[in-house]
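> One file: target-v6.cif (mmCIF, C-alpha atoms and all ligand atoms).
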data_upload
#
loop_
_atom_site.label_atom_id
_atom_site.label_comp_id
_atom_site.auth_asym_id
_atom_site.auth_seq_id
_atom_site.Cartn_x
_atom_site.Cartn_y
_atom_site.Cartn_z
CA MET A 201 63.23 51.54 -0.32
CA LYS A 202 60.63 53.11 -2.51
CA GLU A 203 61.99 51.30 -5.55
CA LYS A 204 62.18 48.06 -3.65
CA LEU A 205 58.53 48.34 -2.70
CA GLN A 206 57.61 49.31 -6.25
CA GLN A 207 59.48 46.23 -7.46
CA ILE A 208 57.72 43.98 -5.05
CA LYS A 209 54.40 45.44 -6.10
CA GLU A 210 55.05 45.03 -9.81
CA LYS A 211 56.29 41.49 -9.34
CA ALA A 212 53.21 40.66 -7.31
CA ILE A 213 50.90 42.19 -9.92
CA ALA A 214 52.55 40.13 -12.66
CA ALA A 215 52.35 36.97 -10.56
CA ILE A 216 48.68 37.58 -9.74
CA GLU A 217 48.00 38.15 -13.41
CA GLN A 218 49.42 34.75 -14.25
CA THR A 219 47.52 32.75 -11.69
CA ASN A 220 45.03 30.25 -13.02
CA GLY A 221 43.09 29.37 -9.89
CA LEU A 222 42.56 29.84 -6.18
CA GLU A 223 45.42 27.54 -5.23
CA MET A 224 47.98 29.40 -7.29
CA LEU A 225 46.60 32.70 -6.03
CA ASN A 226 47.16 31.56 -2.49
CA ASP A 227 50.78 30.65 -3.31
CA VAL A 228 51.34 34.22 -4.53
CA ARG A 229 49.74 35.60 -1.37
CA MET A 230 52.10 33.51 0.78
CA SER A 231 55.17 34.46 -1.24
CA VAL A 232 54.44 38.18 -0.74
CA LEU A 233 52.43 38.53 2.46
CA GLY A 234 53.14 35.24 4.25
CA LYS A 235 55.45 34.83 7.24
CA THR A 236 58.53 34.61 5.03
CA GLY A 237 57.00 36.69 2.22
CA GLU A 238 58.89 39.47 0.49
CA LEU A 239 56.82 42.32 1.93
CA THR A 240 56.87 40.75 5.37
CA SER A 241 60.65 40.70 5.33
CA VAL A 242 60.65 44.40 4.42
CA LEU A 243 58.49 45.02 7.48
CA LYS A 244 60.85 42.96 9.59
CA GLY A 245 63.72 45.19 8.35
CA MET A 246 61.96 48.35 9.67
CA LYS A 247 64.10 48.22 12.78
CA ASP A 248 67.10 49.20 10.61
CA VAL A 249 65.32 52.25 9.24
CA ALA A 250 66.20 55.53 10.88
CA PRO A 251 63.46 56.37 13.45
CA GLU A 252 62.53 59.64 11.78
CA ASP A 253 61.93 57.83 8.44
CA ARG A 254 59.89 55.03 9.95
CA PRO A 255 56.43 56.64 9.70
CA LYS A 256 56.93 57.42 6.06
CA VAL A 257 58.40 54.03 5.19
CA GLY A 258 55.70 52.35 7.27
CA GLN A 259 53.03 54.19 5.34
CA MET A 260 54.61 53.16 2.01
CA VAL A 261 54.77 49.51 3.08
CA ASN A 262 51.14 49.67 4.17
CA GLU A 263 50.03 51.22 0.89
CA THR A 264 51.88 48.53 -1.03
CA ARG A 265 50.33 45.78 1.09
CA GLU A 266 46.84 47.21 0.70
CA ALA A 267 47.26 47.50 -3.06
CA ILE A 268 48.43 43.90 -3.34
CA GLU A 269 45.67 42.65 -1.02
CA LYS A 270 43.07 44.48 -3.10
CA LEU A 271 44.32 42.80 -6.24
CA LEU A 272 44.42 39.42 -4.56
CA GLU A 273 40.84 39.87 -3.34
CA GLU A 274 39.56 40.94 -6.78
CA LYS A 275 41.22 37.98 -8.40
CA LYS A 276 39.83 35.65 -5.72
CA ILE A 277 36.28 36.87 -6.35
CA LYS A 278 36.78 36.38 -10.07
CA PHE A 279 37.94 32.78 -9.59
CA GLU A 280 35.06 32.04 -7.23
CA GLN A 281 32.53 33.43 -9.68
CA GLU A 282 34.02 31.36 -12.48
CA ALA A 283 33.89 28.22 -10.31
CA MET A 284 30.25 28.91 -9.46
CA LYS A 285 29.42 29.40 -13.12
CA ARG A 286 31.09 26.11 -14.03
CA ARG A 287 29.09 24.38 -11.29
CA TYR A 288 25.82 25.85 -12.52
CA GLU A 289 26.64 24.68 -16.02
CA SER A 290 27.47 21.17 -14.93
CA GLU A 291 24.39 20.88 -12.72
CA LYS A 292 22.00 22.38 -15.20
CA ILE A 293 18.69 20.48 -15.36
CA ASP A 294 16.56 20.25 -18.46
CA VAL A 295 13.08 20.60 -16.98
CA THR A 296 11.53 19.69 -20.31
CA MET A 297 13.05 16.17 -20.22
CA PRO A 298 10.49 13.40 -19.63
CA SER A 299 10.77 12.02 -16.11
CA THR A 300 11.53 8.39 -15.35
CA LYS A 301 8.28 6.47 -14.86
CA LYS A 302 7.80 5.34 -11.27
CA GLU A 303 5.92 2.07 -10.82
CA HIS A 304 3.79 1.97 -7.72
CA GLY A 305 1.98 -0.98 -6.24
CA ASN A 306 -1.67 -1.35 -5.37
CA LEU A 307 -3.76 -3.69 -3.30
CA HIS A 308 -4.51 -7.06 -4.87
CA PRO A 309 -7.97 -7.09 -6.53
CA ILE A 310 -9.17 -9.71 -4.04
CA THR A 311 -8.10 -7.47 -1.17
CA GLN A 312 -9.86 -4.53 -2.82
CA VAL A 313 -13.11 -6.47 -3.27
CA ARG A 314 -12.85 -7.83 0.26
CA ASN A 315 -12.35 -4.28 1.61
CA GLN A 316 -15.28 -2.96 -0.43
CA ILE A 317 -17.60 -5.71 0.86
CA THR A 318 -16.35 -5.18 4.42
CA ASP A 319 -17.08 -1.45 4.09
CA ILE A 320 -20.64 -2.11 2.86
CA PHE A 321 -21.42 -4.39 5.80
CA GLY A 322 -19.51 -2.08 8.14
CA SER A 323 -21.87 0.73 7.16
CA MET A 324 -24.80 -1.56 8.10
CA GLY A 325 -23.34 -2.05 11.58
CA PHE A 326 -21.60 -5.41 11.16
CA GLU A 327 -18.44 -6.08 13.15
CA VAL A 328 -15.52 -8.09 11.78
CA TYR A 329 -14.46 -11.38 13.35
CA GLU A 330 -11.40 -13.01 11.77
CA GLY A 331 -11.10 -16.66 12.67
CA THR A 332 -8.15 -18.99 12.12
CA GLU A 333 -7.27 -20.90 8.95
CA ILE A 334 -6.52 -24.08 10.92
CA GLU A 335 -9.71 -25.29 12.58
CA THR A 336 -10.93 -28.33 14.40
CA ASP A 337 -13.32 -30.74 12.76
CA TYR A 338 -15.85 -29.73 15.44
CA TYR A 339 -15.98 -26.00 14.50
CA ASN A 340 -15.76 -26.57 10.75
CA PHE A 341 -18.40 -29.32 10.58
CA THR A 342 -19.92 -30.89 13.70
CA ALA A 343 -21.07 -27.67 15.39
CA LEU A 344 -22.50 -26.59 12.03
CA ASN A 345 -24.85 -29.58 12.12
CA THR A 346 -22.57 -31.67 9.90
CA PRO A 347 -21.47 -34.60 12.11
CA GLN A 348 -19.11 -37.36 10.97
CA ASP A 349 -20.59 -39.41 8.10
CA HIS A 350 -23.10 -36.63 7.26
CA PRO A 351 -23.53 -36.71 3.47
CA ALA A 352 -23.07 -32.89 3.25
CA ARG A 353 -19.40 -33.37 4.14
CA ASP A 354 -18.92 -34.64 0.60
CA MET A 355 -19.83 -31.17 -0.68
CA GLN A 356 -16.46 -29.94 0.55
CA ASP A 357 -13.27 -31.92 -0.11
CA THR A 358 -11.28 -31.30 3.01
CA PHE A 359 -7.54 -31.04 3.68
CA TYR A 360 -7.12 -32.84 7.01
CA LEU A 361 -4.00 -32.14 9.09
CA SER A 362 -4.92 -34.86 11.60
CA PRO A 363 -8.18 -36.57 12.50
CA GLU A 364 -8.99 -33.54 14.68
CA PHE A 365 -7.44 -30.59 12.80
CA LEU A 366 -8.05 -29.40 9.26
CA LEU A 367 -7.70 -26.35 6.97
CA ARG A 368 -11.10 -24.71 7.28
CA THR A 369 -13.29 -25.33 4.24
CA GLN A 370 -15.65 -22.45 5.05
CA THR A 371 -15.65 -19.27 7.13
CA SER A 372 -18.94 -20.52 8.64
CA SER A 373 -16.79 -21.92 11.47
CA GLY A 374 -16.44 -18.31 12.67
CA GLN A 375 -20.19 -18.28 13.50
CA ILE A 376 -19.72 -20.91 16.19
CA HIS A 377 -16.79 -19.12 17.86
CA VAL A 378 -18.73 -15.87 17.97
CA MET A 379 -21.96 -17.44 19.29
CA GLU A 380 -20.01 -19.34 21.96
CA ASN A 381 -18.39 -16.13 23.18
CA GLU A 382 -21.01 -13.43 22.70
CA LYS A 383 -24.62 -12.99 23.66
CA PRO A 384 -27.19 -11.80 21.10
CA PRO A 385 -27.72 -9.36 19.51
CA ILE A 386 -24.92 -10.56 17.22
CA LYS A 387 -24.09 -8.97 13.88
CA ILE A 388 -20.75 -10.05 12.42
CA ILE A 389 -18.97 -10.75 9.19
CA SER A 390 -16.02 -13.11 9.08
CA PRO A 391 -13.75 -12.75 6.04
CA GLY A 392 -10.79 -15.02 5.36
CA LYS A 393 -9.07 -17.73 3.36
CA VAL A 394 -10.59 -21.19 3.03
CA PHE A 395 -9.21 -24.39 1.50
CA ARG A 396 -10.66 -27.26 -0.49
CA SER A 397 -9.20 -30.00 -2.65
CA ASP A 398 -10.78 -28.54 -5.74
CA ASP A 399 -9.10 -27.15 -8.84
CA ASP A 400 -10.55 -26.00 -12.19
CA ALA A 401 -11.29 -22.78 -14.07
CA THR A 402 -13.67 -21.47 -11.40
CA HIS A 403 -12.28 -23.27 -8.32
CA SER A 404 -8.95 -22.97 -6.57
CA PRO A 405 -7.61 -25.00 -3.60
CA MET A 406 -7.31 -21.70 -1.72
CA PHE A 407 -9.95 -19.01 -2.00
CA SER A 408 -11.65 -16.41 0.15
CA GLN A 409 -15.06 -16.23 1.72
CA MET A 410 -16.99 -13.84 3.86
CA GLU A 411 -19.43 -15.28 6.32
CA GLY A 412 -22.22 -13.15 7.77
CA LEU A 413 -24.29 -13.84 10.87
CA VAL A 414 -27.11 -11.96 12.53
CA VAL A 415 -28.79 -13.28 15.68
CA ASP A 416 -31.46 -11.29 17.49
CA LYS A 417 -35.09 -11.40 18.57
CA GLY A 418 -37.53 -11.85 15.68
CA ILE A 419 -35.03 -12.28 12.83
CA THR A 420 -36.61 -13.82 9.70
CA LEU A 421 -35.79 -14.64 6.09
CA CYS A 422 -37.30 -11.24 5.15
CA ASP A 423 -34.54 -9.46 7.08
CA LEU A 424 -31.99 -11.48 5.13
CA LYS A 425 -33.63 -10.61 1.80
CA GLY A 426 -33.86 -6.90 2.66
CA MET A 427 -30.23 -6.73 3.69
CA LEU A 428 -29.03 -8.66 0.60
CA ASP A 429 -31.03 -6.35 -1.68
CA GLU A 430 -29.07 -3.40 -0.29
CA PHE A 431 -25.78 -5.27 -0.52
CA VAL A 432 -26.10 -6.29 -4.19
CA LYS A 433 -27.13 -2.77 -5.20
CA GLU A 434 -23.91 -1.44 -3.66
CA VAL A 435 -21.74 -4.07 -5.36
CA PHE A 436 -23.36 -4.51 -8.79
CA GLY A 437 -25.31 -1.27 -9.30
CA GLN A 438 -28.53 0.32 -8.04
CA GLU A 439 -30.82 -1.44 -10.55
CA THR A 440 -29.76 -4.93 -9.36
CA THR A 441 -32.40 -7.10 -7.65
CA THR A 442 -32.23 -10.48 -5.88
CA ARG A 443 -34.02 -13.77 -6.20
CA LEU A 444 -33.97 -16.56 -3.60
CA ARG A 445 -34.04 -20.20 -4.66
CA PRO A 446 -34.50 -23.09 -2.22
CA SER A 447 -31.28 -24.95 -1.46
CA TYR A 448 -29.68 -27.07 1.21
CA PHE A 449 -27.01 -26.34 3.82
CA PRO A 450 -26.90 -28.31 7.07
CA PHE A 451 -26.51 -25.19 9.23
CA THR A 452 -29.48 -23.25 7.82
CA GLU A 453 -33.17 -24.14 7.61
CA PRO A 454 -34.60 -23.01 5.29
CA SER A 455 -31.55 -22.57 3.04
CA VAL A 456 -31.43 -20.47 -0.08
CA GLU A 457 -29.21 -19.82 -3.07
CA VAL A 458 -29.19 -16.09 -3.86
CA ASP A 459 -29.24 -14.91 -7.48
CA VAL A 460 -28.83 -11.34 -8.71
CA SER A 461 -30.44 -9.94 -11.84
CA CYS A 462 -27.78 -9.95 -14.58
CA PHE A 463 -26.01 -6.58 -14.40
CA GLN A 464 -24.70 -7.03 -17.94
CA CYS A 465 -27.93 -7.66 -19.90
CA HIS A 466 -30.37 -6.48 -17.20
CA GLY A 467 -32.40 -9.69 -17.41
CA LYS A 468 -32.62 -10.08 -21.22
CA GLY A 469 -30.26 -13.05 -21.23
CA CYS A 470 -26.58 -13.00 -22.26
CA LYS A 471 -23.42 -15.12 -22.14
CA LEU A 472 -22.60 -14.06 -18.58
CA CYS A 473 -25.97 -15.20 -17.16
CA LYS A 474 -26.14 -18.14 -19.61
CA GLY A 475 -29.32 -16.74 -21.09
CA THR A 476 -31.25 -16.91 -17.79
CA GLY A 477 -31.10 -13.25 -16.77
CA TRP A 478 -29.89 -14.33 -13.29
CA ILE A 479 -26.49 -14.96 -11.75
CA GLU A 480 -25.91 -17.04 -8.63
CA VAL A 481 -23.85 -15.12 -6.08
CA LEU A 482 -24.09 -16.65 -2.63
CA GLY A 483 -25.64 -19.13 -0.19
CA ALA A 484 -27.67 -18.15 2.83
CA GLY A 485 -30.50 -19.10 5.13
CA VAL A 486 -32.13 -18.97 8.52
CA VAL A 487 -29.75 -20.39 11.12
CA ASN A 488 -30.72 -23.95 11.99
CA ASN A 489 -32.06 -24.16 15.57
CA LYS A 490 -29.71 -27.09 16.21
CA VAL A 491 -26.73 -24.78 15.58
CA LEU A 492 -28.07 -22.02 17.84
CA GLU A 493 -28.89 -24.47 20.63
CA GLY A 494 -25.46 -26.10 20.35
CA CYS A 495 -24.02 -22.68 21.19
CA GLY A 496 -26.36 -22.21 24.15
CA ILE A 497 -28.72 -19.71 22.49
CA ASP A 498 -32.38 -19.90 23.52
CA THR A 499 -34.32 -20.51 20.29
CA ASP A 500 -37.62 -19.57 21.96
CA VAL A 501 -36.27 -16.02 22.16
CA TYR A 502 -33.72 -15.70 19.39
CA SER A 503 -33.39 -16.54 15.72
CA GLY A 504 -30.86 -15.61 13.08
CA PHE A 505 -29.79 -15.60 9.48
CA ALA A 506 -26.43 -16.41 7.93
CA PHE A 507 -24.83 -16.04 4.52
CA GLY A 508 -21.58 -17.03 2.85
CA ILE A 509 -20.06 -15.01 0.02
CA GLY A 510 -17.26 -16.25 -2.25
CA ILE A 511 -15.01 -13.23 -2.70
CA GLU A 512 -13.25 -14.50 -5.84
CA ARG A 513 -16.66 -15.21 -7.36
CA ILE A 514 -17.77 -11.63 -6.75
CA ALA A 515 -14.44 -10.34 -8.12
CA MET A 516 -14.71 -12.51 -11.25
CA LEU A 517 -18.23 -11.24 -11.93
CA LYS A 518 -17.29 -7.65 -11.21
CA TYR A 519 -14.20 -7.66 -13.43
CA GLY A 520 -15.58 -10.03 -16.08
CA ILE A 521 -12.97 -12.77 -15.57
CA ASN A 522 -13.78 -16.37 -16.46
CA ASN A 523 -10.72 -18.08 -14.98
CA ILE A 524 -10.00 -17.83 -11.24
CA LYS A 525 -6.29 -18.53 -11.90
CA LEU A 526 -5.91 -15.05 -13.39
CA LEU A 527 -6.40 -13.72 -9.87
CA PHE A 528 -3.59 -15.83 -8.41
CA GLU A 529 -0.93 -15.88 -11.14
CA SER A 530 0.42 -12.43 -10.17
CA ASP A 531 0.72 -11.36 -13.79
CA LEU A 532 1.12 -7.59 -13.53
CA ARG A 533 -0.46 -7.05 -16.96
CA VAL A 534 -3.65 -8.57 -15.54
CA LEU A 535 -3.47 -7.13 -12.04
CA LYS A 536 -2.96 -3.60 -13.36
CA GLN A 537 -6.29 -3.80 -15.17
CA LEU A 538 -8.10 -4.94 -12.04
CA ASP A 539 -7.43 -1.88 -9.94
CA ASP A 540 -10.43 0.03 -8.59
CA GLU A 541 -8.19 2.46 -6.74
CA LYS A 542 -6.58 4.01 -9.82
N1 LIG B 601 -20.43 -22.22 3.97
C1 LIG B 601 -21.11 -22.33 2.69
C2 LIG B 601 -20.14 -22.82 1.65
O1 LIG B 601 -18.95 -22.67 1.83
C3 LIG B 601 -21.68 -21.01 2.28
C4 LIG B 601 -22.85 -20.66 3.10
C5 LIG B 601 -24.11 -21.03 2.69
C6 LIG B 601 -22.71 -19.98 4.30
C7 LIG B 601 -25.22 -20.71 3.44
C8 LIG B 601 -23.81 -19.65 5.05
C9 LIG B 601 -25.08 -20.03 4.60
O2 LIG B 601 -23.76 -19.01 6.21
O3 LIG B 601 -26.14 -19.72 5.36
O4 LIG B 601 -20.55 -23.33 0.66
#
Will you turn the file into C-alpha cells for me?

Amino acid sequence: MKEKLQQIKEKAIAAIEQTNGLEMLNDVRMSVLGKTGELTSVLKGMKDVAPEDRPKVGQMVNETREAIEKLLEEKKIKFEQEAMKRRYESEKIDVTMPSTKKEHGNLHPITQVRNQITDIFGSMGFEVYEGTEIETDYYNFTALNTPQDHPARDMQDTFYLSPEFLLRTQTSSGQIHVMENEKPPIKIISPGKVFRSDDDATHSPMFSQMEGLVVDKGITLCDLKGMLDEFVKEVFGQETTTRLRPSYFPFTEPSVEVDVSCFQCHGKGCKLCKGTGWIEVLGAGVVNNKVLEGCGIDTDVYSGFAFGIGIERIAMLKYGINNIKLLFESDLRVLKQLDDEK
C-alpha cells in the first residue's frame, strides 16, 4: 500500500510539473483527487484493509492527499500570478503619451453678445420679454405709429405671410405687447430675431435686435442718455462716451441716432470710424405719445424712452468683422476666434 501511495504521489508530482496552465492543472487534480481519481479509489478500497491497519493506512492516504493538494495549490498560485502579470503587461498605459484632443463646442458669438447685453441690462433692473417672430401688421407697424401707406414703412422691406401676418421687422413690436398687458412702471428688454428683405455685406435677411423700453413718471431723454452711457462703457470699455444725433422713427419723438466714441482710435479718426472719431451703434428716442395712448397709458402722468440695438452690429464692432456673413456661415475657423468664453 505504501508503495502504491508513493507511486501515486510521484506520478502526480510529475504530472503537476508538466502542466502549462490552470486548465491542465485542474485535469490532474481530477485524475488524482476527483470522484474517480486514483487516490479516491484507494480510499474507497479502505473497506478491504484489515481494521487494525486502517488508522495507519488512513493516515498515509491523508498525508499523500495533503502533499498533492499542497503542490496543486502552489502551482495554481504560480499560474494565477503569471496570468496577472501578463494582464498588467498587456494593459500597461504610457502616461507620457499625448492625449487625443477633445473638441468642445461653445455658444455662438451672437448668443454670447446677446447674453452679455442681457446681463448688463439685467443688472440695471430690466426684465426680459421675448415676443414672437411671426407678428401681425398691427403690432409691427400700426401700433408703432406706422399706419398703412406711412412712408416710414419703406425703411424696412417686409416679408409678408398674408395681408395680416408678417415676419417681424423689428423687436419694437414687443413694446406694444408689454404696454398692453402691464401697467407702468415698465422696464423691459426684448431680444430676438427679426427679418427684412435686405442682403449685403452688413445686412442679412435674418438678424437679431434687442429692444428696450422704460415707461414711468417723469422719464426724459436725459434718463436715456445716462443709461446708454453706462451701457456703452460696459460693452466697449470704460473710456467710451456717447453722442446723440437727431433722427426719425415714427414711434419716438424726439428720435435720436446714438454714436459711441471710437474705441479703436479714441476719437483721433481711423478706418473703423471712417475718420470721424464716432461710430453709430443704435436708434432710440422718447416714446411717441401716440404710441403710449394707443396702449391706454395716460401721457399726462407717464412718459418713456425706447431704444433698439442691432446685436450683429455690436458683435461686428466688438470682434472687428466687416462682413455679417462671417457670423452665419458656421465656419469653425472663424467661430473659434470669436469666443469670449475661452
Ligand atoms: N426699430 C428700429 C429699427 O429696427 C430701431 C429703434 C429705433 C428702436 C429707435 C427703438 C427706437 O425703440 O426708439 O430700425
> What residues have any atom no more than 6 Å from ligand LIG 601 (chain B) when counting all atoms listed in the file, and can you list them as a PDB file with C-alpha atoms, keeping the file's coordinate frame?

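So the final result, stored in out-v4.pdb, reads:
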ATOM      1  CA  GLN A 370     -15.650 -22.450   5.050  1.00  0.00           C
ATOM      2  CA  SER A 372     -18.940 -20.520   8.640  1.00  0.00           C
ATOM      3  CA  GLU A 411     -19.430 -15.280   6.320  1.00  0.00           C
ATOM      4  CA  PHE A 449     -27.010 -26.340   3.820  1.00  0.00           C
ATOM      5  CA  THR A 452     -29.480 -23.250   7.820  1.00  0.00           C
ATOM      6  CA  GLY A 483     -25.640 -19.130  -0.190  1.00  0.00           C
ATOM      7  CA  ALA A 484     -27.670 -18.150   2.830  1.00  0.00           C
ATOM      8  CA  GLY A 485     -30.500 -19.100   5.130  1.00  0.00           C
ATOM      9  CA  ALA A 506     -26.430 -16.410   7.930  1.00  0.00           C
ATOM     10  CA  PHE A 507     -24.830 -16.040   4.520  1.00  0.00           C
ATOM     11  CA  GLY A 508     -21.580 -17.030   2.850  1.00  0.00           C
TER      12      GLY A 508
END
> Just to confirm, what's the straight-line distance from atom CA of Leu526 of chain A to atom CA of Ala401 of chain A in Å (one decimal)?
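Separation of atom CA of Leu526 of chain A and atom CA of Ala401 of chain A: 9.4 Å.
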> Using only C-alpha atoms, determine which residues lie at most 10 Å from Lys211 of chain A, disregarding the query and same-chain residues fewer than 6 positions distant; provide the list as a ChimeraX atom specification.
/A:205,217,232
> In Å, rounded to a single decimal, give me how far atom CA of Val486 of chain A is from atom CA of Val432 of chain A.
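The value is 18.9 Å.
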> For each of A:Met224, A:Ile293, A:Ile317, A:Cys422, take the minimum atom-to-atom distance to Ala515 of chain A, counting all atoms listed in the file, then give the residue where this is smallest.
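For Ala515 of chain A, the nearest of the given residues is A:Ile317.
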> Just checking: using only C-alpha atoms, which residue out of A:Gly494, A:Pro446, A:Gly510, A:Pro298 ends up closest to Pro391 of chain A?
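Under the stated criterion, the closest residue is A:Gly510.
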> From the options A:Val249, A:Ile389, A:Ile521, A:Ile213, which residue's atoms come nearest to Val328 of chain A, counting only C-alpha atoms?
A:Ile389
> Suppose you want the space between atom CA of Asn381 of chain A and atom CA of Thr499 of chain A; what is it in Å?
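So the two atoms, atom CA of Asn381 of chain A and atom CA of Thr499 of chain A, lie 16.8 Å apart.
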> Could you check the closest approach to Thr318 of chain A for each of A:Gly221, A:Gly392, A:Gly418, A:Phe528 and tell me which residue wins, using all atoms listed in the file?
A:Gly392
> Using only C-alpha atoms, which of the listed residues (A:Thr264, A:Asn306, A:Ser323, A:Ser503) sits closest to Ile419 of chain A?
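Selected residue with least distance to Ile419 of chain A: A:Ser503.
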> Skipping near chain neighbours, those fewer than 5 positions away, what residues fall within 12 Å of Val378 of chain A using all atoms listed in the file, listed as a list of chain:residue names?
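In the requested format, the answer is A:Glu327, A:Val328, A:Tyr329, A:Glu330, A:Gly331, A:Tyr339, A:Thr371, A:Ser372, A:Ser373, A:Lys383, A:Pro384, A:Pro385, A:Ile386, A:Lys387, A:Ile388, A:Ile389, A:Ser390, A:Glu411, A:Gly412, A:Leu413, A:Val414, A:Val415, A:Leu492, A:Cys495, A:Gly496, A:Ile497.
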> For Ile216 of chain A, which of A:Met427, A:Asp253, A:Lys276, A:Asp248 is the closest residue, counting all atoms listed in the file?
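Among the listed residues, A:Lys276 lies closest to Ile216 of chain A.
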